[in-house]
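The structure file start_36.cif is reproduced below (mmCIF, N, CA and C atoms).
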data_protein
#
loop_
_atom_site.label_atom_id
_atom_site.label_comp_id
_atom_site.auth_asym_id
_atom_site.auth_seq_id
_atom_site.Cartn_x
_atom_site.Cartn_y
_atom_site.Cartn_z
N MET J 4 80.14 -25.94 -75.30
CA MET J 4 78.96 -26.39 -74.63
C MET J 4 78.55 -25.35 -73.59
N GLU J 5 77.33 -25.01 -73.55
CA GLU J 5 76.81 -23.97 -72.67
C GLU J 5 76.24 -24.60 -71.40
N LYS J 6 76.60 -24.04 -70.19
CA LYS J 6 76.06 -24.52 -68.92
C LYS J 6 74.77 -23.79 -68.64
N LYS J 7 73.79 -24.53 -68.18
CA LYS J 7 72.51 -23.94 -67.82
C LYS J 7 72.42 -23.84 -66.31
N PHE J 8 71.94 -22.72 -65.82
CA PHE J 8 71.74 -22.49 -64.41
C PHE J 8 70.41 -23.10 -63.99
N SER J 9 70.42 -23.94 -62.98
CA SER J 9 69.20 -24.58 -62.51
C SER J 9 68.76 -23.94 -61.20
N LEU J 10 67.69 -23.21 -61.24
CA LEU J 10 67.17 -22.55 -60.05
C LEU J 10 66.72 -23.57 -59.02
N SER J 11 66.06 -24.64 -59.45
CA SER J 11 65.57 -25.63 -58.50
C SER J 11 66.74 -26.35 -57.84
N GLY J 12 67.83 -26.60 -58.54
CA GLY J 12 69.01 -27.22 -57.95
C GLY J 12 69.66 -26.33 -56.93
N SER J 13 69.72 -25.03 -57.21
CA SER J 13 70.30 -24.07 -56.26
C SER J 13 69.45 -23.95 -55.00
N VAL J 14 68.15 -23.92 -55.18
CA VAL J 14 67.24 -23.84 -54.04
C VAL J 14 67.37 -25.10 -53.18
N LEU J 15 67.46 -26.26 -53.81
CA LEU J 15 67.62 -27.51 -53.10
C LEU J 15 68.93 -27.52 -52.31
N PHE J 16 70.03 -27.08 -52.94
CA PHE J 16 71.32 -27.03 -52.27
C PHE J 16 71.26 -26.09 -51.07
N LEU J 17 70.68 -24.90 -51.24
CA LEU J 17 70.56 -23.93 -50.15
C LEU J 17 69.70 -24.48 -49.02
N SER J 18 68.61 -25.13 -49.36
CA SER J 18 67.72 -25.71 -48.35
C SER J 18 68.43 -26.79 -47.55
N LEU J 19 69.15 -27.66 -48.22
CA LEU J 19 69.88 -28.73 -47.52
C LEU J 19 70.98 -28.15 -46.64
N THR J 20 71.68 -27.13 -47.12
CA THR J 20 72.73 -26.50 -46.33
C THR J 20 72.15 -25.90 -45.06
N LEU J 21 71.04 -25.17 -45.16
CA LEU J 21 70.40 -24.57 -43.99
C LEU J 21 69.89 -25.63 -43.02
N LEU J 22 69.35 -26.71 -43.54
CA LEU J 22 68.86 -27.80 -42.70
C LEU J 22 70.01 -28.43 -41.92
N LEU J 23 71.13 -28.70 -42.59
CA LEU J 23 72.27 -29.30 -41.91
C LEU J 23 72.86 -28.37 -40.86
N MET J 24 72.88 -27.07 -41.14
CA MET J 24 73.41 -26.11 -40.19
C MET J 24 72.52 -26.01 -38.96
N SER J 25 71.23 -26.25 -39.08
CA SER J 25 70.31 -26.13 -37.96
C SER J 25 70.24 -27.38 -37.12
N CYS J 26 70.95 -28.44 -37.46
CA CYS J 26 70.87 -29.69 -36.72
C CYS J 26 71.88 -29.79 -35.60
N GLY J 27 72.65 -28.77 -35.35
CA GLY J 27 73.66 -28.80 -34.29
C GLY J 27 73.03 -28.50 -32.95
N GLU J 28 73.89 -28.17 -31.97
CA GLU J 28 73.44 -27.83 -30.64
C GLU J 28 72.55 -26.60 -30.71
N GLU J 29 71.44 -26.64 -30.01
CA GLU J 29 70.46 -25.57 -30.09
C GLU J 29 70.52 -24.71 -28.84
N THR J 30 70.52 -23.41 -29.01
CA THR J 30 70.42 -22.49 -27.89
C THR J 30 69.11 -21.74 -28.05
N MET J 31 68.29 -21.77 -26.99
CA MET J 31 67.00 -21.12 -27.04
C MET J 31 67.05 -19.84 -26.23
N THR J 32 66.15 -18.92 -26.53
CA THR J 32 66.13 -17.66 -25.81
C THR J 32 64.85 -17.56 -24.98
N GLY J 33 64.82 -16.58 -24.10
CA GLY J 33 63.59 -16.33 -23.35
C GLY J 33 63.71 -16.70 -21.89
N GLY J 34 64.66 -16.16 -21.18
CA GLY J 34 64.80 -16.46 -19.77
C GLY J 34 66.25 -16.63 -19.41
N PRO J 35 66.51 -17.35 -18.33
CA PRO J 35 67.89 -17.59 -17.92
C PRO J 35 68.63 -18.41 -18.96
N ASN J 36 69.87 -18.72 -18.69
CA ASN J 36 70.71 -19.49 -19.60
C ASN J 36 70.05 -20.83 -19.91
N ILE J 37 69.47 -20.97 -21.08
CA ILE J 37 68.73 -22.16 -21.48
C ILE J 37 69.47 -22.78 -22.64
N MET J 38 69.93 -24.01 -22.47
CA MET J 38 70.67 -24.66 -23.55
C MET J 38 70.24 -26.10 -23.71
N ALA J 39 70.03 -26.52 -24.94
CA ALA J 39 69.78 -27.92 -25.23
C ALA J 39 71.13 -28.55 -25.52
N MET J 40 71.52 -29.51 -24.70
CA MET J 40 72.84 -30.10 -24.86
C MET J 40 72.85 -31.54 -24.38
N ALA J 41 73.83 -32.29 -24.83
CA ALA J 41 73.94 -33.69 -24.48
C ALA J 41 74.71 -33.91 -23.19
N MET J 42 75.43 -32.91 -22.70
CA MET J 42 76.27 -33.09 -21.52
C MET J 42 75.59 -32.59 -20.25
N GLY J 43 76.16 -32.94 -19.10
CA GLY J 43 75.66 -32.49 -17.82
C GLY J 43 76.04 -31.06 -17.53
N PRO J 44 75.63 -30.52 -16.39
CA PRO J 44 75.85 -29.12 -16.09
C PRO J 44 77.20 -28.77 -15.47
N GLY J 45 78.22 -29.55 -15.72
CA GLY J 45 79.58 -29.16 -15.35
C GLY J 45 79.96 -29.46 -13.92
N ASP J 46 80.39 -28.42 -13.19
CA ASP J 46 81.00 -28.61 -11.88
C ASP J 46 79.99 -28.61 -10.73
N LYS J 47 78.75 -28.93 -10.99
CA LYS J 47 77.74 -28.95 -9.94
C LYS J 47 77.42 -30.41 -9.57
N GLU J 48 77.00 -30.62 -8.33
CA GLU J 48 76.69 -31.96 -7.86
C GLU J 48 75.19 -32.21 -7.94
N GLU J 49 74.81 -33.44 -8.33
CA GLU J 49 73.40 -33.81 -8.41
C GLU J 49 72.80 -33.82 -7.02
N SER J 50 71.65 -33.14 -6.85
CA SER J 50 70.97 -33.07 -5.55
C SER J 50 69.69 -33.87 -5.52
N GLY J 51 69.15 -34.21 -6.68
CA GLY J 51 67.91 -34.97 -6.73
C GLY J 51 67.47 -35.19 -8.16
N MET J 52 66.66 -36.25 -8.36
CA MET J 52 66.17 -36.59 -9.69
C MET J 52 64.77 -37.17 -9.57
N GLY J 53 63.91 -36.87 -10.54
CA GLY J 53 62.56 -37.43 -10.55
C GLY J 53 61.99 -37.50 -11.94
N ILE J 54 61.02 -38.38 -12.12
CA ILE J 54 60.30 -38.57 -13.39
C ILE J 54 59.01 -37.75 -13.33
N PHE J 55 58.69 -37.07 -14.43
CA PHE J 55 57.48 -36.24 -14.46
C PHE J 55 56.21 -37.08 -14.43
N THR J 56 55.26 -36.65 -13.62
CA THR J 56 53.88 -37.12 -13.64
C THR J 56 53.13 -36.08 -14.44
N SER J 57 52.42 -36.50 -15.49
CA SER J 57 51.78 -35.56 -16.40
C SER J 57 50.29 -35.42 -16.14
N TYR J 58 49.81 -34.17 -16.22
CA TYR J 58 48.38 -33.89 -16.16
C TYR J 58 47.87 -33.23 -17.44
N ALA J 59 48.77 -32.63 -18.21
CA ALA J 59 48.34 -31.91 -19.41
C ALA J 59 49.50 -31.74 -20.38
N HIS J 60 49.17 -31.49 -21.63
CA HIS J 60 50.11 -31.13 -22.69
C HIS J 60 51.17 -32.20 -22.95
N ASP J 61 50.82 -33.47 -22.73
CA ASP J 61 51.70 -34.60 -23.02
C ASP J 61 53.09 -34.45 -22.39
N LEU J 62 53.13 -33.92 -21.18
CA LEU J 62 54.39 -33.71 -20.47
C LEU J 62 55.02 -35.05 -20.09
N SER J 63 56.30 -35.18 -20.35
CA SER J 63 57.04 -36.38 -19.93
C SER J 63 58.52 -36.05 -19.86
N GLY J 64 59.27 -36.92 -19.23
CA GLY J 64 60.71 -36.75 -19.11
C GLY J 64 61.17 -36.84 -17.67
N LYS J 65 62.39 -36.43 -17.46
CA LYS J 65 63.03 -36.52 -16.15
C LYS J 65 63.59 -35.15 -15.78
N ALA J 66 63.51 -34.80 -14.49
CA ALA J 66 64.10 -33.56 -13.97
C ALA J 66 65.22 -33.91 -13.00
N ILE J 67 66.33 -33.19 -13.11
CA ILE J 67 67.47 -33.38 -12.22
C ILE J 67 67.89 -32.01 -11.69
N LEU J 68 68.11 -31.92 -10.40
CA LEU J 68 68.60 -30.69 -9.78
C LEU J 68 70.08 -30.86 -9.47
N PHE J 69 70.89 -29.90 -9.93
CA PHE J 69 72.32 -29.85 -9.63
C PHE J 69 72.58 -28.56 -8.85
N CYS J 70 73.42 -28.64 -7.81
CA CYS J 70 73.76 -27.46 -7.00
C CYS J 70 75.26 -27.26 -7.01
N GLY J 71 75.69 -26.01 -7.18
CA GLY J 71 77.10 -25.66 -7.15
C GLY J 71 77.48 -25.06 -5.81
N ASP J 72 78.76 -25.09 -5.49
CA ASP J 72 79.26 -24.51 -4.25
C ASP J 72 79.06 -23.00 -4.21
N ASP J 73 78.95 -22.39 -5.38
CA ASP J 73 78.80 -20.93 -5.46
C ASP J 73 77.36 -20.46 -5.33
N GLY J 74 76.43 -21.36 -5.03
CA GLY J 74 75.02 -20.99 -4.87
C GLY J 74 74.21 -21.11 -6.15
N THR J 75 74.85 -21.34 -7.28
CA THR J 75 74.10 -21.50 -8.52
C THR J 75 73.51 -22.90 -8.58
N LYS J 76 72.43 -23.00 -9.31
CA LYS J 76 71.74 -24.27 -9.45
C LYS J 76 71.38 -24.48 -10.92
N VAL J 77 71.18 -25.74 -11.27
CA VAL J 77 70.75 -26.09 -12.62
C VAL J 77 69.62 -27.10 -12.50
N ILE J 78 68.52 -26.82 -13.19
CA ILE J 78 67.48 -27.82 -13.39
C ILE J 78 67.73 -28.37 -14.78
N ARG J 79 67.96 -29.66 -14.88
CA ARG J 79 68.17 -30.31 -16.16
C ARG J 79 66.95 -31.17 -16.47
N LEU J 80 66.36 -30.94 -17.63
CA LEU J 80 65.24 -31.74 -18.10
C LEU J 80 65.77 -32.67 -19.18
N GLU J 81 65.61 -33.97 -18.98
CA GLU J 81 66.10 -34.95 -19.95
C GLU J 81 64.93 -35.67 -20.60
N ASN J 82 65.09 -35.96 -21.89
CA ASN J 82 64.03 -36.60 -22.68
C ASN J 82 62.70 -35.88 -22.45
N PHE J 83 62.79 -34.56 -22.38
CA PHE J 83 61.65 -33.72 -22.04
C PHE J 83 60.74 -33.53 -23.25
N ASN J 84 59.46 -33.78 -23.04
CA ASN J 84 58.45 -33.60 -24.08
C ASN J 84 57.30 -32.79 -23.49
N MET J 85 56.84 -31.81 -24.27
CA MET J 85 55.70 -31.01 -23.86
C MET J 85 55.13 -30.29 -25.07
N VAL J 86 53.82 -30.34 -25.22
CA VAL J 86 53.15 -29.55 -26.24
C VAL J 86 53.07 -28.12 -25.71
N ALA J 87 53.36 -27.15 -26.55
CA ALA J 87 53.42 -25.74 -26.14
C ALA J 87 52.09 -25.27 -25.54
N GLY J 88 52.21 -24.35 -24.61
CA GLY J 88 51.05 -23.72 -24.00
C GLY J 88 51.41 -22.28 -23.68
N PRO J 89 50.41 -21.45 -23.36
CA PRO J 89 50.70 -20.04 -23.06
C PRO J 89 51.16 -19.87 -21.62
N ASP J 90 52.09 -18.95 -21.39
CA ASP J 90 52.45 -18.52 -20.04
C ASP J 90 52.88 -19.70 -19.14
N VAL J 91 53.74 -20.58 -19.68
CA VAL J 91 54.16 -21.79 -18.97
C VAL J 91 55.54 -21.57 -18.35
N TYR J 92 55.66 -21.96 -17.08
CA TYR J 92 56.90 -21.77 -16.32
C TYR J 92 57.38 -23.08 -15.72
N VAL J 93 58.68 -23.12 -15.45
CA VAL J 93 59.27 -24.18 -14.64
C VAL J 93 59.53 -23.55 -13.28
N PHE J 94 59.03 -24.20 -12.23
CA PHE J 94 59.24 -23.77 -10.86
C PHE J 94 59.89 -24.88 -10.07
N ILE J 95 60.63 -24.53 -9.04
CA ILE J 95 61.04 -25.49 -8.02
C ILE J 95 60.11 -25.19 -6.84
N SER J 96 59.59 -26.24 -6.20
CA SER J 96 58.50 -26.06 -5.24
C SER J 96 58.67 -26.94 -3.99
N LYS J 97 58.00 -26.52 -2.94
CA LYS J 97 57.97 -27.30 -1.70
C LYS J 97 56.92 -28.41 -1.75
N SER J 98 56.00 -28.33 -2.70
CA SER J 98 54.94 -29.35 -2.81
C SER J 98 54.69 -29.68 -4.28
N ASN J 99 53.86 -30.70 -4.53
CA ASN J 99 53.60 -31.11 -5.90
C ASN J 99 52.46 -30.35 -6.56
N ASN J 100 52.06 -29.22 -5.96
CA ASN J 100 51.08 -28.35 -6.62
C ASN J 100 51.51 -26.90 -6.46
N TYR J 101 50.98 -26.05 -7.29
CA TYR J 101 51.40 -24.65 -7.34
C TYR J 101 50.74 -23.83 -6.24
N SER J 102 51.55 -23.10 -5.52
CA SER J 102 51.12 -22.06 -4.59
C SER J 102 52.21 -21.01 -4.63
N GLN J 103 51.85 -19.78 -4.88
CA GLN J 103 52.84 -18.72 -5.04
C GLN J 103 53.78 -18.65 -3.83
N ALA J 104 53.30 -19.01 -2.66
CA ALA J 104 54.11 -18.95 -1.45
C ALA J 104 55.15 -20.08 -1.38
N ASN J 105 54.98 -21.13 -2.17
CA ASN J 105 55.85 -22.31 -2.07
C ASN J 105 56.73 -22.56 -3.28
N VAL J 106 56.83 -21.60 -4.21
CA VAL J 106 57.60 -21.85 -5.43
C VAL J 106 58.68 -20.80 -5.63
N ILE J 107 59.70 -21.21 -6.36
CA ILE J 107 60.74 -20.31 -6.86
C ILE J 107 60.77 -20.48 -8.38
N GLU J 108 60.63 -19.37 -9.10
CA GLU J 108 60.64 -19.43 -10.56
C GLU J 108 62.03 -19.78 -11.06
N VAL J 109 62.07 -20.73 -12.01
CA VAL J 109 63.32 -21.10 -12.66
C VAL J 109 63.40 -20.43 -14.03
N THR J 110 62.34 -20.59 -14.84
CA THR J 110 62.33 -19.99 -16.17
C THR J 110 60.93 -20.05 -16.76
N LYS J 111 60.71 -19.25 -17.78
CA LYS J 111 59.49 -19.32 -18.58
C LYS J 111 59.82 -20.14 -19.83
N LEU J 112 58.96 -21.10 -20.16
CA LEU J 112 59.15 -21.90 -21.37
C LEU J 112 58.52 -21.16 -22.54
N THR J 113 59.26 -21.06 -23.62
CA THR J 113 58.81 -20.25 -24.75
C THR J 113 58.32 -21.08 -25.93
N SER J 114 58.36 -22.41 -25.83
CA SER J 114 57.89 -23.23 -26.94
C SER J 114 57.60 -24.63 -26.44
N GLY J 115 57.11 -25.47 -27.33
CA GLY J 115 56.95 -26.89 -27.03
C GLY J 115 58.28 -27.58 -27.23
N TYR J 116 58.44 -28.73 -26.66
CA TYR J 116 59.71 -29.45 -26.75
C TYR J 116 59.44 -30.90 -27.08
N MET J 117 60.32 -31.47 -27.88
CA MET J 117 60.22 -32.88 -28.24
C MET J 117 61.56 -33.55 -27.99
N ASP J 118 61.59 -34.48 -27.07
CA ASP J 118 62.80 -35.26 -26.76
C ASP J 118 64.03 -34.38 -26.53
N SER J 119 63.86 -33.35 -25.73
CA SER J 119 64.94 -32.39 -25.48
C SER J 119 65.68 -32.69 -24.19
N ASP J 120 66.95 -32.35 -24.16
CA ASP J 120 67.76 -32.31 -22.95
C ASP J 120 68.13 -30.85 -22.77
N ILE J 121 67.61 -30.21 -21.71
CA ILE J 121 67.74 -28.77 -21.54
C ILE J 121 68.23 -28.46 -20.13
N ASN J 122 69.17 -27.53 -20.02
CA ASN J 122 69.63 -27.05 -18.72
C ASN J 122 69.10 -25.64 -18.48
N PHE J 123 68.58 -25.40 -17.28
CA PHE J 123 68.12 -24.07 -16.88
C PHE J 123 68.96 -23.65 -15.68
N ASP J 124 69.90 -22.73 -15.88
CA ASP J 124 70.72 -22.19 -14.78
C ASP J 124 69.89 -21.16 -14.03
N PHE J 125 69.98 -21.18 -12.68
CA PHE J 125 69.29 -20.16 -11.90
C PHE J 125 69.96 -20.01 -10.54
N THR J 126 69.75 -18.88 -9.92
CA THR J 126 70.15 -18.67 -8.54
C THR J 126 68.87 -18.35 -7.79
N ALA J 127 68.76 -18.85 -6.58
CA ALA J 127 67.51 -18.70 -5.86
C ALA J 127 67.77 -18.30 -4.42
N GLN J 128 67.38 -17.10 -4.06
CA GLN J 128 67.44 -16.69 -2.67
C GLN J 128 66.32 -17.42 -1.93
N GLY J 129 66.62 -17.91 -0.75
CA GLY J 129 65.61 -18.59 0.03
C GLY J 129 65.50 -20.08 -0.27
N PHE J 130 66.31 -20.58 -1.19
CA PHE J 130 66.26 -22.00 -1.53
C PHE J 130 66.75 -22.83 -0.35
N THR J 131 65.99 -23.86 0.01
CA THR J 131 66.38 -24.80 1.06
C THR J 131 66.14 -26.22 0.56
N ASN J 132 66.48 -27.19 1.37
CA ASN J 132 66.25 -28.60 1.02
C ASN J 132 64.77 -28.97 0.99
N GLU J 133 63.90 -28.05 1.43
CA GLU J 133 62.46 -28.29 1.38
C GLU J 133 61.92 -28.30 -0.06
N TYR J 134 62.64 -27.71 -0.98
CA TYR J 134 62.20 -27.64 -2.37
C TYR J 134 62.54 -28.96 -3.05
N LYS J 135 61.54 -29.85 -3.10
CA LYS J 135 61.74 -31.22 -3.60
C LYS J 135 60.97 -31.53 -4.87
N PHE J 136 60.33 -30.53 -5.48
CA PHE J 136 59.51 -30.76 -6.66
C PHE J 136 59.87 -29.77 -7.77
N VAL J 137 59.81 -30.25 -9.00
CA VAL J 137 59.92 -29.40 -10.18
C VAL J 137 58.54 -29.39 -10.82
N LEU J 138 57.97 -28.20 -10.95
CA LEU J 138 56.63 -28.05 -11.55
C LEU J 138 56.73 -27.43 -12.93
N VAL J 139 55.85 -27.86 -13.82
CA VAL J 139 55.63 -27.18 -15.10
C VAL J 139 54.19 -26.69 -15.00
N TYR J 140 54.03 -25.35 -15.00
CA TYR J 140 52.75 -24.75 -14.63
C TYR J 140 52.40 -23.59 -15.55
N CYS J 141 51.13 -23.52 -15.96
CA CYS J 141 50.62 -22.43 -16.78
C CYS J 141 49.91 -21.42 -15.87
N LEU J 142 50.52 -20.22 -15.75
CA LEU J 142 49.92 -19.19 -14.90
C LEU J 142 48.61 -18.66 -15.47
N LYS J 143 48.56 -18.49 -16.78
CA LYS J 143 47.38 -17.89 -17.41
C LYS J 143 46.10 -18.67 -17.11
N TYR J 144 46.19 -20.00 -17.16
CA TYR J 144 45.00 -20.83 -16.95
C TYR J 144 45.04 -21.60 -15.63
N ASN J 145 45.98 -21.25 -14.75
CA ASN J 145 46.11 -21.94 -13.46
C ASN J 145 46.07 -23.46 -13.65
N SER J 146 46.95 -23.95 -14.52
CA SER J 146 46.95 -25.37 -14.88
C SER J 146 48.33 -26.00 -14.64
N LEU J 147 48.34 -27.03 -13.83
CA LEU J 147 49.57 -27.79 -13.60
C LEU J 147 49.71 -28.80 -14.72
N PHE J 148 50.74 -28.63 -15.55
CA PHE J 148 51.00 -29.60 -16.62
C PHE J 148 51.57 -30.88 -16.06
N GLY J 149 52.35 -30.75 -14.97
CA GLY J 149 52.91 -31.92 -14.32
C GLY J 149 54.01 -31.55 -13.35
N TYR J 150 54.50 -32.57 -12.64
CA TYR J 150 55.58 -32.34 -11.67
C TYR J 150 56.50 -33.56 -11.62
N ALA J 151 57.70 -33.32 -11.10
CA ALA J 151 58.66 -34.39 -10.82
C ALA J 151 59.11 -34.22 -9.37
N LYS J 152 59.07 -35.30 -8.60
CA LYS J 152 59.56 -35.27 -7.22
C LYS J 152 61.04 -35.62 -7.23
N LEU J 153 61.86 -34.74 -6.68
CA LEU J 153 63.31 -34.94 -6.65
C LEU J 153 63.67 -35.80 -5.44
N GLU J 154 64.27 -36.95 -5.73
CA GLU J 154 64.67 -37.87 -4.65
C GLU J 154 66.13 -38.21 -4.78
#

Would you put the structure from the file into structure tokens?
Amino acid sequence: MEKKFSLSGSVLFLSLTLLLMSCGEETMTGGPNIMAMAMGPGDKEESGMGIFTSYAHDLSGKAILFCGDDGTKVIRLENFNMVAGPDVYVFISKSNNYSQANVIEVTKLTSGYMDSDINFDFTAQGFTNEYKFVLVYCLKYNSLFGYAKLE
């Protein structure tokens, strides 16, 4: 009996294998240490948490700030949703609106996100307890997508 090679079966097997391999923990590129993960940021203590108020791009989710004894910080976005936009950044800010004098850049967002849990590690010179807001802001169009007040 002769075996026949099925191209469509092989393609289906390869496609399913690649799909299953891509369903694990995701690491994204484009800025500081950015990781989508189910766990918290390790040995850092929570300093504040807030729910996003959205103005654009269907922004939603929760922001949490963690601070380490070594000066490192983590902004964790949980259940984060946002439709992609150009030149979009995450900032920590002294107010709920963007002013270059009142923000510290955390990272540039390189894509849209759907129901993501993402940690952004950063170190910030000049960071004080006055920074109580996490902003998602598009520099190109001077557009605030939304903010979360850390309480």

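Using only N, CA and C atoms, the shortest contact distance between Ile78 in chain J and any of J:Phe125, J:Leu142, J:Glu133, J:Leu112 is found at J:Phe125.
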
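Using all atoms listed in the file for every distance, the candidate list J:Glu108, J:Asp124, J:Asp118, J:Glu154 yields J:Asp118 as the residue closest to Glu81 in chain J.
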
Handout entry: Residues in the PyMOL selection byres (((chain J and resi 84-86 and name CA) around 6) and name CA), expressed as a PyMOL selection string
Key = chain J and resi 60-63+83+87+115-118

Problem - Coordinates-based distance that separates atom C of Met52 in chain J from atom C of Asp73 in chain J (Å, one decimal) - result: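 Atom-to-atom, atom C of Asp73 in chain J and atom C of Met52 in chain J are spaced 21.3 Å apart.
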
Please determine an axis-aligned box that encloses all atoms of range 134-150 of chain J listed in the file, with 3 Å added on each side, and express its centre and edge lengths in Å to one decimal as AutoDock Vina command-line options.
--center_x 53.8 --center_y -25.7 --center_z -9.2 --size_x 23.6 --size_y 21.7 --size_z 22.4

Exercise for the section: Spell out the residues picked by the PyMOL selection byres ((chain J and resi 53) around 6) here, as a PyMOL selection string. Expected result: chain J and resi 51-52+54-55+64-67+151-154

Practice task
With a distance cut-off of 7 Å and all atoms listed in the file, select the neighbouring residues of Val106 in chain J, excluding the residue or stretch itself and same-chain residues fewer than 4 positions from it, and output the selection as a PyMOL selection string.
Solution key: chain J and resi 94-98+101-102

Exercise for the section: Considering all atoms listed in the file, state which residue in the set J:Thr131, J:Asn82, J:Asn145, J:Gln103 is at the smallest distance from Ser119 in chain J. Expected result: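 Smallest distance to Ser119 in chain J is found for J:Asn82.
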
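Taking only C-alpha atoms, the non-local environment of Tyr92 in chain J within 6 Å (same-chain residues fewer than 2 positions away omitted) comprises Thr110, Lys111, Leu112, Val139 and Tyr140 of chain J.
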